file structure-v2.txt (compact mmCIF, C-alpha atoms)
# COMPACT_ATOMS: atom_id res chain seq x y z
CA ASP A 1 -10.70 -2.76 7.36
CA PHE A 2 -8.60 -0.27 9.27
CA LEU A 3 -7.69 3.19 8.00
CA ILE A 4 -4.35 4.24 9.45
CA PRO A 5 -2.05 7.15 8.60
CA ALA A 6 0.94 5.64 6.79
CA ALA A 7 3.29 7.77 8.89
CA ASP A 8 2.03 6.05 12.06
CA LEU A 9 3.39 2.63 11.06
CA GLU A 10 6.94 2.47 12.39
CA LEU A 11 9.26 -0.13 13.87
CA GLU A 12 12.44 1.15 15.51
CA GLY A 13 12.06 4.51 13.75
CA GLN A 14 11.65 3.00 10.28
CA GLY A 15 8.46 3.15 8.23
CA VAL A 16 6.91 -0.26 7.60
CA LEU A 17 3.99 -1.64 5.64
CA PRO A 18 1.61 -4.31 6.90
CA GLU A 19 2.08 -7.88 5.75
CA ARG A 20 -0.29 -10.83 5.54
CA GLY A 21 -0.38 -12.53 8.92
CA ASP A 22 0.46 -9.41 10.96
CA LEU A 23 -1.81 -8.88 13.97
CA ILE A 24 -3.62 -5.73 15.07
CA VAL A 25 -4.72 -5.76 18.70
CA VAL A 26 -7.33 -3.19 19.72
CA ALA A 27 -8.80 -2.43 23.14
CA PHE A 28 -12.53 -1.67 23.11
CA GLY A 29 -13.24 -0.70 26.70
CA ASN A 30 -12.55 -3.81 28.80
CA GLU A 31 -12.37 -6.10 25.76
CA THR A 32 -9.25 -6.75 23.68
CA VAL A 33 -9.88 -7.80 20.09
CA THR A 34 -7.30 -9.25 17.69
CA PHE A 35 -7.45 -8.87 13.91
CA GLU A 36 -5.24 -10.62 11.36
CA VAL A 37 -4.04 -8.77 8.26
CA LEU A 38 -5.12 -10.70 5.16
CA ALA A 39 -5.69 -10.41 1.47
CA GLN A 40 -9.10 -10.89 -0.10
CA ASP A 41 -9.97 -11.87 -3.65
CA ASN A 42 -6.34 -11.82 -4.86
CA LEU A 43 -5.87 -8.25 -3.61
CA PRO A 44 -2.91 -7.13 -1.50
CA PRO A 45 -3.48 -7.01 2.27
CA TRP A 46 -3.34 -3.20 2.18
CA GLU A 47 -3.76 -0.35 -0.26
CA TYR A 48 -3.44 3.40 -0.20
CA ALA A 49 -6.76 4.98 0.69
CA ASP A 50 -6.10 8.41 -0.79
CA PRO A 51 -4.33 9.90 -3.82
CA HIS A 52 -1.57 11.39 -1.63
CA GLN A 53 -0.65 7.95 -0.24
CA SER A 54 -0.90 9.25 3.32
CA MET A 55 -3.57 6.79 4.51
CA LEU A 56 -3.51 2.99 4.37
CA ARG A 57 -6.56 0.76 4.17
CA ILE A 58 -5.56 -2.48 5.85
CA HIS A 59 -7.74 -5.52 5.19
CA THR A 60 -8.26 -7.69 8.27
CA LYS A 61 -10.33 -10.44 9.81
CA ARG A 62 -11.25 -10.67 13.48
CA ILE A 63 -9.66 -13.78 14.94
CA ALA A 64 -10.08 -13.31 18.72
call {"tool": "encode", "arguments": {"input": "structure-v2.txt", "output": "structure tokens"}}
result
Amino acid sequence: DFLIPAADLELEGQGVLPERGDLIVVAFGNETVTFEVLAQDNLPPWEYADPHQSMLRIHTKRIA
């Protein structure tokens, strides 16, 4: 899972929400790791992580 401020997810100045199949690419030092956004156990691929809906918990699986 990734915890990301909801305000940080933008495309062309518009707020967006993650969708199943989206990719998150992260650099860990010299290694680049790719995660796929997915849903588990009939849950949505993301959920708000706090009561103020300012943080998103994005469910992922490492794919590369």
call {"tool": "residues_around", "arguments": {"input": "structure-v2.txt", "residues": "Thr32 of chain A", "least_positions_apart": "5", "cutoff": "12 Å", "atoms": "only C-alpha atoms", "output": "MDAnalysis selection string"}}
result
chainID A and resid 24:27 62:64
call {"tool": "atom_distance", "arguments": {"input": "structure-v2.txt", "atom1": "atom CA of Ala7 of chain A", "atom2": "atom CA of Met55 of chain A"}}
result
8.2 Å
call {"tool": "atom_distance", "arguments": {"input": "structure-v2.txt", "atom1": "atom CA of Leu23 of chain A", "atom2": "atom CA of Leu11 of chain A"}}
result
14.1 Å
call {"tool": "residues_around", "arguments": {"input": "structure-v2.txt", "residues": "Thr60 of chain A", "least_positions_apart": "2", "cutoff": "10 Å", "atoms": "all atoms listed in the file", "output": "list of chain:residue names"}}
result
A:Asp1, A:Phe2, A:Arg20, A:Gly21, A:Asp22, A:Leu23, A:Ile24, A:Thr34, A:Phe35, A:Glu36, A:Val37, A:Leu38, A:Ala39, A:Gln40, A:Pro45, A:Trp46, A:Arg57, A:Ile58, A:Arg62, A:Ile63
call {"tool": "closest_residue", "arguments": {"input": "structure-v2.txt", "among": "A:Val33, A:Leu43, A:Leu56, A:Ala49", "to": "Pro18 of chain A", "atoms": "all atoms listed in the file"}}
result
A:Leu56
call {"tool": "atom_distance", "arguments": {"input": "structure-v2.txt", "atom1": "atom CA of Ile4 of chain A", "atom2": "atom CA of Tyr48 of chain A"}}
result
9.7 Å
call {"tool": "residues_around", "arguments": {"input": "structure-v2.txt", "residues": "Ser54 of chain A", "least_positions_apart": "4", "cutoff": "7 Å", "atoms": "all atoms listed in the file", "output": "VMD selection string"}}
result
chain A and resid 5 to 6 50
